[in-house]
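Trainee: You'll find data_5.txt just under this line, and it carries compact mmCIF, C-alpha atoms.
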```
# COMPACT_ATOMS: atom_id res chain seq x y z
CA MET I 1 0.00 0.00 0.00
CA SER I 2 1.22 3.36 -0.88
CA SER I 3 2.20 6.04 1.56
CA ALA I 4 -0.85 8.22 0.70
CA ALA I 5 -3.25 5.38 1.60
CA ALA I 6 -1.39 4.73 4.83
CA LEU I 7 -1.65 8.35 5.71
CA LEU I 8 -5.45 8.35 5.16
CA LEU I 9 -5.98 5.19 7.26
CA ARG I 10 -3.84 6.45 10.09
CA PRO I 11 -5.93 6.94 13.25
CA ALA I 12 -6.20 10.50 14.36
CA ALA I 13 -5.42 11.54 17.85
CA SER I 14 -8.28 12.26 20.22
CA THR I 15 -7.01 15.67 20.82
CA ALA I 16 -6.89 16.64 17.11
CA HIS I 17 -10.07 18.75 17.29
CA PRO I 18 -12.08 19.82 20.28
CA PHE I 19 -15.44 19.05 18.61
CA LEU I 20 -14.56 15.58 17.28
CA HIS I 21 -13.77 12.24 19.02
CA ARG I 22 -12.82 8.77 17.87
CA SER I 23 -14.91 5.68 18.56
CA SER I 24 -14.29 2.05 17.61
CA SER I 25 -16.81 -0.45 16.43
CA ARG I 26 -17.43 -3.65 18.38
CA ALA I 27 -17.41 -5.83 15.31
CA ASN I 28 -14.12 -4.51 14.08
CA PRO I 29 -12.05 -2.93 16.80
CA ASN I 30 -9.48 -1.78 14.30
CA SER I 31 -11.93 0.43 12.41
CA HIS I 32 -12.48 3.90 13.74
CA VAL I 33 -15.39 6.31 13.16
CA ILE I 34 -15.11 10.02 13.65
CA ARG I 35 -18.18 11.45 15.36
CA LEU I 36 -19.20 14.83 16.68
CA HIS I 37 -18.58 15.21 20.41
CA PRO I 38 -21.84 14.86 22.38
CA SER I 39 -21.29 18.07 24.20
CA ARG I 40 -20.65 20.00 20.98
CA ARG I 41 -23.47 18.76 18.73
CA ARG I 42 -25.60 21.87 19.24
CA LEU I 43 -23.89 24.99 18.04
CA LEU I 44 -24.94 28.33 19.38
CA VAL I 45 -26.25 30.45 16.50
CA PRO I 46 -27.21 33.98 17.25
CA ARG I 47 -30.95 34.64 16.63
CA LEU I 48 -31.66 37.35 14.09
CA SER I 49 -34.61 39.69 14.55
CA LEU I 50 -36.12 41.94 11.92
CA THR I 51 -37.62 44.28 14.51
CA PRO I 52 -35.59 47.02 16.10
CA ALA I 53 -34.13 46.17 19.41
CA THR I 54 -35.83 47.65 22.48
CA ALA I 55 -34.46 48.42 25.84
CA SER I 56 -36.77 45.91 27.58
CA ASN I 57 -38.96 43.01 26.45
CA ASN I 58 -41.91 44.42 28.36
CA THR I 59 -41.69 47.88 26.74
CA PRO I 60 -44.41 48.34 24.07
CA PRO I 61 -43.29 49.58 20.62
CA SER I 62 -43.48 53.29 20.08
CA PRO I 63 -46.43 54.47 17.95
CA PRO I 64 -45.71 55.69 14.39
CA PRO I 65 -45.38 59.43 13.91
CA PRO I 66 -48.61 61.18 12.90
CA ALA I 67 -49.08 61.98 9.20
CA PRO I 68 -48.64 65.64 8.32
CA THR I 69 -51.92 67.45 7.89
CA PRO I 70 -52.41 68.84 4.32
CA ALA I 71 -52.50 72.57 3.90
CA PRO I 72 -56.02 73.94 3.50
CA SER I 73 -56.89 74.64 -0.14
CA PRO I 74 -57.91 78.20 -0.95
CA PRO I 75 -61.62 78.74 -1.56
CA PRO I 76 -62.60 78.70 -5.25
CA SER I 77 -63.01 82.11 -6.77
CA LEU I 78 -66.03 83.22 -8.72
CA LEU I 79 -64.15 83.14 -12.06
CA SER I 80 -62.28 79.85 -11.53
CA LYS I 81 -64.78 77.78 -13.51
CA TRP I 82 -65.92 80.55 -15.87
CA SER I 83 -64.97 80.43 -19.53
CA PRO I 84 -65.71 83.26 -21.96
CA PRO I 85 -68.54 82.74 -24.43
CA ARG I 86 -67.58 81.37 -27.78
CA ALA I 87 -68.63 84.51 -29.60
CA ILE I 88 -66.22 86.63 -27.52
CA TRP I 89 -63.10 84.58 -28.14
CA ARG I 90 -64.07 84.16 -31.78
CA GLY I 91 -64.35 87.92 -32.09
CA LEU I 92 -60.93 88.30 -30.49
CA SER I 93 -59.52 85.70 -32.87
CA ALA I 94 -60.96 87.67 -35.80
CA LEU I 95 -59.22 90.83 -34.58
CA LEU I 96 -55.92 88.99 -34.14
CA LEU I 97 -56.29 87.42 -37.58
CA ALA I 98 -56.92 90.82 -39.15
CA GLY I 99 -53.75 92.14 -37.53
CA GLN I 100 -51.74 89.18 -38.82
CA VAL I 101 -53.08 89.65 -42.34
CA PHE I 102 -52.25 93.35 -42.31
CA HIS I 103 -48.71 92.65 -41.07
CA ARG I 104 -48.08 89.96 -43.67
CA VAL I 105 -49.37 92.13 -46.49
CA LEU I 106 -46.99 94.90 -45.43
CA MET I 107 -44.13 92.38 -45.33
CA GLY I 108 -45.04 91.11 -48.81
CA ARG I 109 -45.74 87.55 -47.68
CA VAL I 110 -48.50 86.78 -50.20
CA HIS I 111 -48.99 83.48 -52.01
CA ARG I 112 -49.58 84.82 -55.53
CA ARG I 113 -50.85 81.64 -57.15
CA ASN I 114 -53.44 81.13 -54.46
CA LEU I 115 -54.34 84.83 -54.68
CA LEU I 116 -55.10 84.54 -58.41
CA ALA I 117 -57.24 81.46 -57.80
CA GLN I 118 -59.26 83.27 -55.13
CA LEU I 119 -59.64 86.35 -57.36
CA ARG I 120 -61.19 84.20 -60.08
CA ARG I 121 -63.46 82.69 -57.50
CA VAL I 122 -64.65 85.92 -55.90
CA GLY I 123 -64.81 88.02 -59.08
CA PRO I 124 -66.03 86.05 -62.12
CA GLY I 125 -67.46 83.30 -59.93
CA SER I 126 -69.78 85.71 -58.11
CA ALA I 127 -70.48 88.16 -60.94
CA GLY I 128 -73.59 86.41 -62.26
CA VAL I 129 -75.42 86.32 -58.94
CA ALA I 130 -74.36 89.85 -58.00
CA LEU I 131 -75.43 91.37 -61.34
CA LEU I 132 -78.76 89.58 -61.39
CA THR I 133 -79.51 90.74 -57.86
CA ALA I 134 -78.49 94.33 -58.62
CA ALA I 135 -80.73 94.46 -61.70
CA PHE I 136 -83.85 93.34 -59.85
CA VAL I 137 -83.12 95.52 -56.83
CA GLY I 138 -82.80 98.55 -59.11
CA MET I 139 -86.10 97.80 -60.85
CA ALA I 140 -87.89 97.21 -57.55
CA PHE I 141 -86.55 100.50 -56.21
CA THR I 142 -87.74 102.24 -59.38
CA ILE I 143 -91.29 100.93 -58.98
CA GLN I 144 -91.49 102.28 -55.43
CA PHE I 145 -90.98 105.99 -56.13
CA VAL I 146 -91.04 106.83 -59.87
CA ARG I 147 -94.85 107.00 -59.98
CA GLU I 148 -94.92 109.33 -57.00
CA PHE I 149 -92.25 111.60 -58.46
CA THR I 150 -94.06 111.86 -61.80
CA ARG I 151 -97.31 112.82 -60.07
CA LEU I 152 -95.48 115.61 -58.26
CA GLY I 153 -93.89 116.82 -61.48
CA LEU I 154 -90.40 115.77 -60.39
CA HIS I 155 -89.74 113.35 -63.22
CA ARG I 156 -86.48 115.17 -64.07
CA SER I 157 -85.03 114.21 -60.68
CA VAL I 158 -85.79 110.48 -61.00
CA GLY I 159 -82.42 109.66 -62.51
CA GLY I 160 -80.53 111.58 -59.81
CA VAL I 161 -82.37 109.78 -57.01
CA LEU I 162 -81.75 106.41 -58.62
CA ALA I 163 -78.05 107.14 -59.16
CA LEU I 164 -77.49 108.42 -55.62
CA ALA I 165 -79.32 105.51 -54.02
CA LEU I 166 -77.52 102.93 -56.10
CA ALA I 167 -74.07 104.48 -55.74
CA ARG I 168 -74.16 105.29 -52.05
CA GLU I 169 -76.11 102.41 -50.55
CA LEU I 170 -77.74 99.79 -52.73
CA SER I 171 -74.87 98.67 -54.93
CA PRO I 172 -72.18 98.18 -52.23
CA VAL I 173 -74.56 96.69 -49.69
CA VAL I 174 -76.33 94.31 -52.08
CA THR I 175 -73.04 93.17 -53.59
CA ALA I 176 -71.58 92.57 -50.13
CA VAL I 177 -74.65 90.59 -49.03
CA VAL I 178 -74.39 88.38 -52.12
CA ALA I 179 -70.66 87.88 -51.52
CA ALA I 180 -71.25 87.02 -47.87
CA GLY I 181 -73.78 84.37 -48.79
CA ARG I 182 -71.74 82.85 -51.58
CA VAL I 183 -68.07 83.46 -50.86
CA GLY I 184 -68.09 83.86 -47.08
CA SER I 185 -69.95 80.62 -46.50
CA ALA I 186 -67.51 78.80 -48.81
CA PHE I 187 -64.50 80.22 -46.96
CA ALA I 188 -65.86 79.22 -43.56
CA ALA I 189 -66.80 75.72 -44.72
CA GLU I 190 -63.44 75.07 -46.40
CA LEU I 191 -61.28 76.27 -43.54
CA GLY I 192 -63.54 74.59 -41.00
CA THR I 193 -63.19 71.26 -42.79
CA MET I 194 -59.43 71.70 -42.98
CA GLN I 195 -59.27 72.52 -39.28
CA VAL I 196 -61.38 69.52 -38.25
CA SER I 197 -59.40 67.13 -40.46
CA GLU I 198 -56.07 68.60 -39.20
CA GLN I 199 -54.95 69.74 -42.65
CA THR I 200 -53.80 73.05 -41.19
CA ASP I 201 -51.41 71.12 -38.94
CA THR I 202 -50.11 69.36 -42.04
CA LEU I 203 -49.35 72.74 -43.60
CA ARG I 204 -47.33 73.69 -40.53
CA VAL I 205 -45.39 70.45 -40.74
CA LEU I 206 -44.62 71.13 -44.41
CA GLY I 207 -43.29 74.58 -43.50
CA ALA I 208 -46.19 76.69 -44.86
CA HIS I 209 -47.91 79.06 -42.46
CA PRO I 210 -51.73 78.69 -42.67
CA VAL I 211 -52.26 82.45 -42.48
CA ASP I 212 -49.93 83.08 -45.43
CA TYR I 213 -51.30 80.26 -47.55
CA LEU I 214 -55.01 80.28 -46.67
CA VAL I 215 -56.15 83.54 -45.10
CA VAL I 216 -54.14 86.33 -46.78
CA PRO I 217 -55.11 85.38 -50.39
CA ARG I 218 -58.80 85.19 -49.47
CA VAL I 219 -58.81 88.55 -47.71
CA LEU I 220 -56.96 90.28 -50.56
CA ALA I 221 -59.24 88.68 -53.15
CA CYS I 222 -62.35 90.02 -51.42
CA VAL I 223 -60.84 93.48 -50.92
CA LEU I 224 -59.78 93.74 -54.58
CA ALA I 225 -62.70 92.03 -56.34
CA LEU I 226 -65.65 93.47 -54.43
CA PRO I 227 -65.17 97.11 -55.63
CA VAL I 228 -65.15 95.91 -59.25
CA LEU I 229 -68.35 93.96 -58.68
CA THR I 230 -69.88 97.02 -57.04
CA LEU I 231 -69.15 99.25 -60.05
CA ILE I 232 -70.60 96.70 -62.47
CA SER I 233 -73.65 96.25 -60.24
CA PHE I 234 -74.17 100.01 -60.11
CA ALA I 235 -74.06 100.32 -63.90
CA LEU I 236 -76.43 97.40 -64.45
CA GLY I 237 -78.81 98.56 -61.73
CA LEU I 238 -79.02 102.07 -63.20
CA ALA I 239 -79.54 100.68 -66.71
CA SER I 240 -82.33 98.34 -65.61
CA SER I 241 -84.00 101.17 -63.67
CA ALA I 242 -83.86 103.50 -66.70
CA PHE I 243 -85.27 100.78 -68.94
CA LEU I 244 -88.17 100.11 -66.57
CA ALA I 245 -88.94 103.82 -66.09
CA ASP I 246 -88.99 104.37 -69.83
CA SER I 247 -91.06 101.33 -70.73
CA VAL I 248 -93.57 101.42 -67.88
CA PHE I 249 -93.79 104.98 -66.56
CA GLY I 250 -92.92 106.96 -69.67
CA VAL I 251 -89.82 108.69 -68.32
CA SER I 252 -87.24 108.99 -71.08
CA VAL I 253 -83.89 107.26 -70.71
CA SER I 254 -82.06 110.41 -71.73
CA ILE I 255 -83.77 112.39 -68.95
CA ILE I 256 -82.79 109.75 -66.38
CA LEU I 257 -79.17 109.58 -67.52
CA GLU I 258 -78.83 113.38 -67.65
CA SER I 259 -80.30 113.71 -64.17
CA ALA I 260 -77.93 111.00 -62.89
CA ARG I 261 -74.94 112.77 -64.45
CA ARG I 262 -75.81 116.04 -62.73
CA ALA I 263 -76.49 114.46 -59.34
CA LEU I 264 -73.46 112.21 -59.09
CA ARG I 265 -70.16 113.50 -57.76
CA PRO I 266 -66.81 111.70 -57.91
CA TRP I 267 -66.90 111.29 -54.14
CA ASP I 268 -70.09 109.22 -54.44
CA LEU I 269 -68.33 106.57 -56.49
CA VAL I 270 -65.17 106.74 -54.39
CA SER I 271 -67.16 106.26 -51.20
CA SER I 272 -68.92 103.29 -52.79
CA LEU I 273 -65.57 101.69 -53.58
CA LEU I 274 -64.28 102.34 -50.07
CA LYS I 275 -67.39 100.78 -48.59
CA SER I 276 -66.94 97.74 -50.80
CA GLN I 277 -63.36 97.27 -49.64
CA VAL I 278 -64.38 97.48 -45.98
CA PHE I 279 -67.24 95.04 -46.57
CA GLY I 280 -64.93 92.63 -48.38
CA ALA I 281 -62.43 92.72 -45.52
CA ILE I 282 -65.22 92.04 -42.99
CA ILE I 283 -66.55 89.09 -44.99
CA ALA I 284 -63.15 87.47 -45.51
CA VAL I 285 -61.77 88.01 -41.99
CA VAL I 286 -64.94 86.83 -40.22
CA SER I 287 -65.36 83.80 -42.46
CA CYS I 288 -61.71 82.75 -42.12
CA ALA I 289 -61.67 83.34 -38.36
CA TRP I 290 -64.82 81.29 -37.87
CA GLY I 291 -63.38 78.58 -40.09
CA VAL I 292 -60.04 78.19 -38.31
CA THR I 293 -61.77 78.08 -34.89
CA THR I 294 -64.09 75.23 -35.87
CA HIS I 295 -64.25 72.05 -33.80
CA GLY I 296 -66.75 69.29 -33.36
CA GLY I 297 -66.72 67.50 -36.71
CA ALA I 298 -69.34 67.96 -39.41
CA LYS I 299 -71.79 69.55 -36.98
CA GLY I 300 -69.21 72.14 -36.00
CA VAL I 301 -68.51 72.94 -39.65
CA GLY I 302 -72.19 73.61 -40.31
CA GLU I 303 -72.54 75.80 -37.24
CA SER I 304 -69.43 77.78 -38.13
CA THR I 305 -70.64 78.36 -41.68
CA THR I 306 -74.05 79.62 -40.59
CA SER I 307 -72.60 81.78 -37.84
CA ALA I 308 -69.98 83.27 -40.17
CA VAL I 309 -72.62 84.40 -42.68
CA VAL I 310 -74.84 85.90 -39.98
CA VAL I 311 -71.99 87.76 -38.28
CA SER I 312 -70.72 89.00 -41.65
CA LEU I 313 -74.13 90.44 -42.53
CA VAL I 314 -74.44 92.16 -39.17
CA GLY I 315 -70.94 93.58 -39.54
CA ILE I 316 -71.77 94.84 -43.05
CA PHE I 317 -74.84 96.74 -41.86
CA ILE I 318 -73.04 98.24 -38.86
CA ALA I 319 -70.09 99.31 -41.01
CA ASP I 320 -72.46 100.76 -43.61
CA PHE I 321 -74.13 102.94 -41.01
CA ALA I 322 -70.79 104.13 -39.60
CA LEU I 323 -69.32 104.87 -43.02
CA SER I 324 -72.47 106.66 -44.20
CA CYS I 325 -72.34 108.93 -41.16
CA LEU I 326 -68.67 109.58 -41.86
CA PHE I 327 -68.88 110.15 -45.62
CA PHE I 328 -72.21 111.93 -46.16
CA GLN I 329 -72.84 113.90 -43.02
CA GLY I 330 -72.49 117.29 -44.70
CA ALA I 331 -73.90 116.46 -48.15
CA GLY I 332 -77.33 117.73 -49.21
CA ASP I 333 -77.23 119.59 -52.53
CA SER I 334 -77.09 116.68 -54.97
CA LEU I 335 -80.81 116.65 -55.89
CA LYS I 336 -80.76 120.41 -56.49
CA TYR I 337 -78.20 119.84 -59.24
CA ALA I 338 -80.19 116.86 -60.54
CA MET I 339 -83.29 118.98 -61.17
CA GLY I 340 -81.25 121.38 -63.37
```
Now, as a test, write the supplied structure out as structure tokens.
Mentor:
Amino acid sequence: MSSAAALLLRPAASTAHPFLHRSSSRANPNSHVIRLHPSRRRLLVPRLSLTPATASNNTPPSPPPPAPTPAPSPPPSLLSKWSPPRAIWRGLSALLLAGQVFHRVLMGRVHRRNLLAQLRRVGPGSAGVALLTAAFVGMAFTIQFVREFTRLGLHRSVGGVLALALARELSPVVTAVVAAGRVGSAFAAELGTMQVSEQTDTLRVLGAHPVDYLVVPRVLACVLALPVLTLISFALGLASSAFLADSVFGVSVSIILESARRALRPWDLVSSLLKSQVFGAIIAVVSCAWGVTTHGGAKGVGESTTSAVVVSLVGIFIADFALSCLFFQGAGDSLKYAMG
């Protein structure tokens, strides 16, 4: 047997380890078994506790600290849950939009291709309705007072009254009303649909500002095209009135045209053009502002379109009163020149 085996089978001394002792078997006294000493079988293991140690076992645990009391909330104010009516913030948005349009026009930021498209839409696209309306309004106005003037012997002043009424009030107002119903409703519906379907956000992503691309061309188209429509409506309304007075009431066309020439002053036509420009700006700004503030899907688009037309008409009548007081406050000699 090798020396390593002899070393392993060598009996160990009893004093080799304090916890171990050697015992021999009765059947084979030469075999030895190493066992744990009886007095050392149970090892002392310190007991771990997950609770904090206390000074005495009989002392109860200390109560947890009280939770901090929340600070009292301030009482709600009267205006905390109040939101302005929709008409107010829409009016403010219209004013802000008008300022942005004016600033961009001064800076020259106008999309020319879109401007030409809107000019064709507002001008030739609305000319038929505007001219037809002006012709019938002129004839209806002629029926109301030509008979009375001829009975009073004032048939030479009929043309002057017709020309003054058409130039100062009827032509710009009627043309603006037609444009508000046709063009303003289309503007509000288009921009409202684009706002609901998030197409305006797509324009911003593509790098095009919605005011430059959508609003400025529409406002400029209305401001530039409406005076031209007003002049054409004035000419057609006066012609239809003269034709009706000649054919029905026996007042010669030459008398009506001569009376109109004497009564009209250049300022009458200029004031009519200025009124048309103001009316066109009101229609375009209100319709675009109501369109870009649309929300609520198809129902919101319909409400915005109807509201834009109504507000535009009210704004036209208010502006007409203010401009008439400003332009014609001191006038009063036109009919004297019309009678010759």
Trainee: Between I:Pro65, I:Gly91, I:Gly128, I:Gly99, which has the minimum distance to Leu236 of chain I (counting only C-alpha atoms)?
Mentor: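 Comparing I:Pro65, I:Gly91, I:Gly128, I:Gly99 against Leu236 of chain I, the winner is I:Gly128.
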Trainee: Taking the point (-67.0, 96.3, -54.5) as given in the file, collect each protein or nucleic acid residue that comes within 8 Å of it, counting only C-alpha atoms, and present the set as a list in words.
Mentor: Pro172, Thr175, Ala176, Val223, Leu224, Ala225, Leu226, Pro227, Val228, Leu229, Thr230, Leu231, Ser272, Leu273, Leu274, Lys275, Ser276, Gln277 and Gly280 of chain I
Trainee: Using the selection just defined, write its residues with C-alpha atoms as a short mmCIF file (atom, residue, chain, number, x, y, z; two decimals), in the frame of the given file.
Mentor:
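Generated output (result.cif):
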```
data_model
loop_
_atom_site.label_atom_id
_atom_site.label_comp_id
_atom_site.auth_asym_id
_atom_site.auth_seq_id
_atom_site.Cartn_x
_atom_site.Cartn_y
_atom_site.Cartn_z
CA PRO I 172 -72.18 98.18 -52.23
CA THR I 175 -73.04 93.17 -53.59
CA ALA I 176 -71.58 92.57 -50.13
CA VAL I 223 -60.84 93.48 -50.92
CA LEU I 224 -59.78 93.74 -54.58
CA ALA I 225 -62.70 92.03 -56.34
CA LEU I 226 -65.65 93.47 -54.43
CA PRO I 227 -65.17 97.11 -55.63
CA VAL I 228 -65.15 95.91 -59.25
CA LEU I 229 -68.35 93.96 -58.68
CA THR I 230 -69.88 97.02 -57.04
CA LEU I 231 -69.15 99.25 -60.05
CA SER I 272 -68.92 103.29 -52.79
CA LEU I 273 -65.57 101.69 -53.58
CA LEU I 274 -64.28 102.34 -50.07
CA LYS I 275 -67.39 100.78 -48.59
CA SER I 276 -66.94 97.74 -50.80
CA GLN I 277 -63.36 97.27 -49.64
CA GLY I 280 -64.93 92.63 -48.38
#
```
Trainee: So which residues touch segment 104-119 of chain I within 9 Å, counting only C-alpha atoms, skipping near sequence neighbours fewer than 5 positions away, as a PDB file with C-alpha atoms, in the coordinates of the input?
Mentor:
```
ATOM      1  CA  GLY I  99     -53.750  92.140 -37.530  1.00  0.00           C
ATOM      2  CA  PRO I 124     -66.030  86.050 -62.120  1.00  0.00           C
ATOM      3  CA  GLY I 125     -67.460  83.300 -59.930  1.00  0.00           C
ATOM      4  CA  VAL I 211     -52.260  82.450 -42.480  1.00  0.00           C
ATOM      5  CA  ASP I 212     -49.930  83.080 -45.430  1.00  0.00           C
ATOM      6  CA  TYR I 213     -51.300  80.260 -47.550  1.00  0.00           C
ATOM      7  CA  LEU I 214     -55.010  80.280 -46.670  1.00  0.00           C
ATOM      8  CA  VAL I 216     -54.140  86.330 -46.780  1.00  0.00           C
ATOM      9  CA  PRO I 217     -55.110  85.380 -50.390  1.00  0.00           C
ATOM     10  CA  ARG I 218     -58.800  85.190 -49.470  1.00  0.00           C
ATOM     11  CA  LEU I 220     -56.960  90.280 -50.560  1.00  0.00           C
ATOM     12  CA  ALA I 221     -59.240  88.680 -53.150  1.00  0.00           C
ATOM     13  CA  CYS I 222     -62.350  90.020 -51.420  1.00  0.00           C
ATOM     14  CA  LEU I 224     -59.780  93.740 -54.580  1.00  0.00           C
ATOM     15  CA  ALA I 225     -62.700  92.030 -56.340  1.00  0.00           C
TER      16      ALA I 225
END
```
Trainee: Given the choices I:Ile232, I:Ile318, I:Ile256, I:Ala127, which gets closest to Leu244 of chain I if the distance is worked out from only C-alpha atoms?
Mentor: I:Ile256
Trainee: Between I:Ile282, I:Leu97, I:Leu269, I:Leu323, which has the minimum distance to Ala163 of chain I (counting only C-alpha atoms)?
Mentor: I:Leu269
Trainee: As an exercise, work out the distance from atom CA of Thr294 of chain I to atom CA of Gln195 of chain I in Å and give it to one decimal place.
Mentor: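 Distance reported for this atom pair: 6.5 Å.
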Trainee: Restricting the calculation to only C-alpha atoms: of I:Ala239, I:Val146, I:Val183, I:Val278, which residue gets closest to Val158 of chain I?
Mentor: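 Nearest candidate to Val158 of chain I out of I:Ala239, I:Val146, I:Val183, I:Val278: I:Val146.
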Trainee: When distances are computed from only C-alpha atoms, which of I:Lys299, I:Val173, I:Ala208, I:Phe249 shows the smallest separation from Gly315 of chain I?
Mentor: I:Val173
Trainee: Nearest to Ser307 of chain I: which of I:Gly184, I:Gly153, I:Pro266, I:Pro85 is it, counting only C-alpha atoms?
Mentor: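 Under the stated criterion, the closest residue is I:Gly184.
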Trainee: State, in Å with one decimal place, the distance from atom CA of Ser247 of chain I to atom CA of Glu148 of chain I.
Mentor: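 It comes out at 16.4 Å.
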Trainee: Got a minute to add N, CA and C atoms to segment 148-161 of chain I and dump it as a PDB file, keeping the file's coordinate frame?
Mentor:
```
ATOM      1  N   GLU I 148     -94.648 108.195 -57.885  1.00  0.00           N
ATOM      2  CA  GLU I 148     -94.920 109.330 -57.000  1.00  0.00           C
ATOM      3  C   GLU I 148     -94.194 110.588 -57.477  1.00  0.00           C
ATOM      4  N   PHE I 149     -92.987 110.423 -57.978  1.00  0.00           N
ATOM      5  CA  PHE I 149     -92.250 111.600 -58.460  1.00  0.00           C
ATOM      6  C   PHE I 149     -92.906 112.196 -59.706  1.00  0.00           C
ATOM      7  N   THR I 150     -93.413 111.345 -60.595  1.00  0.00           N
ATOM      8  CA  THR I 150     -94.060 111.860 -61.800  1.00  0.00           C
ATOM      9  C   THR I 150     -95.366 112.576 -61.472  1.00  0.00           C
ATOM     10  N   ARG I 151     -96.083 112.132 -60.472  1.00  0.00           N
ATOM     11  CA  ARG I 151     -97.310 112.820 -60.070  1.00  0.00           C
ATOM     12  C   ARG I 151     -97.013 114.193 -59.480  1.00  0.00           C
ATOM     13  N   LEU I 152     -95.863 114.315 -58.827  1.00  0.00           N
ATOM     14  CA  LEU I 152     -95.480 115.610 -58.260  1.00  0.00           C
ATOM     15  C   LEU I 152     -94.768 116.504 -59.262  1.00  0.00           C
ATOM     16  N   GLY I 153     -94.586 116.031 -60.463  1.00  0.00           N
ATOM     17  CA  GLY I 153     -93.890 116.820 -61.480  1.00  0.00           C
ATOM     18  C   GLY I 153     -92.390 116.826 -61.320  1.00  0.00           C
ATOM     19  N   LEU I 154     -91.844 115.835 -60.637  1.00  0.00           N
ATOM     20  CA  LEU I 154     -90.400 115.770 -60.390  1.00  0.00           C
ATOM     21  C   LEU I 154     -89.748 114.656 -61.219  1.00  0.00           C
ATOM     22  N   HIS I 155     -90.271 114.449 -62.416  1.00  0.00           N
ATOM     23  CA  HIS I 155     -89.740 113.350 -63.220  1.00  0.00           C
ATOM     24  C   HIS I 155     -88.301 113.605 -63.666  1.00  0.00           C
ATOM     25  N   ARG I 156     -87.861 114.880 -63.676  1.00  0.00           N
ATOM     26  CA  ARG I 156     -86.480 115.170 -64.070  1.00  0.00           C
ATOM     27  C   ARG I 156     -85.458 114.824 -62.971  1.00  0.00           C
ATOM     28  N   SER I 157     -85.932 114.588 -61.771  1.00  0.00           N
ATOM     29  CA  SER I 157     -85.030 114.210 -60.680  1.00  0.00           C
ATOM     30  C   SER I 157     -85.009 112.715 -60.410  1.00  0.00           C
ATOM     31  N   VAL I 158     -85.742 111.936 -61.217  1.00  0.00           N
ATOM     32  CA  VAL I 158     -85.790 110.480 -61.000  1.00  0.00           C
ATOM     33  C   VAL I 158     -84.411 109.855 -61.189  1.00  0.00           C
ATOM     34  N   GLY I 159     -83.728 110.239 -62.246  1.00  0.00           N
ATOM     35  CA  GLY I 159     -82.420 109.660 -62.510  1.00  0.00           C
ATOM     36  C   GLY I 159     -81.403 109.992 -61.435  1.00  0.00           C
ATOM     37  N   GLY I 160     -81.456 111.217 -60.886  1.00  0.00           N
ATOM     38  CA  GLY I 160     -80.530 111.580 -59.810  1.00  0.00           C
ATOM     39  C   GLY I 160     -80.771 110.780 -58.549  1.00  0.00           C
ATOM     40  N   VAL I 161     -82.061 110.582 -58.207  1.00  0.00           N
ATOM     41  CA  VAL I 161     -82.370 109.780 -57.010  1.00  0.00           C
ATOM     42  C   VAL I 161     -81.919 108.344 -57.189  1.00  0.00           C
TER      43      VAL I 161
END
```
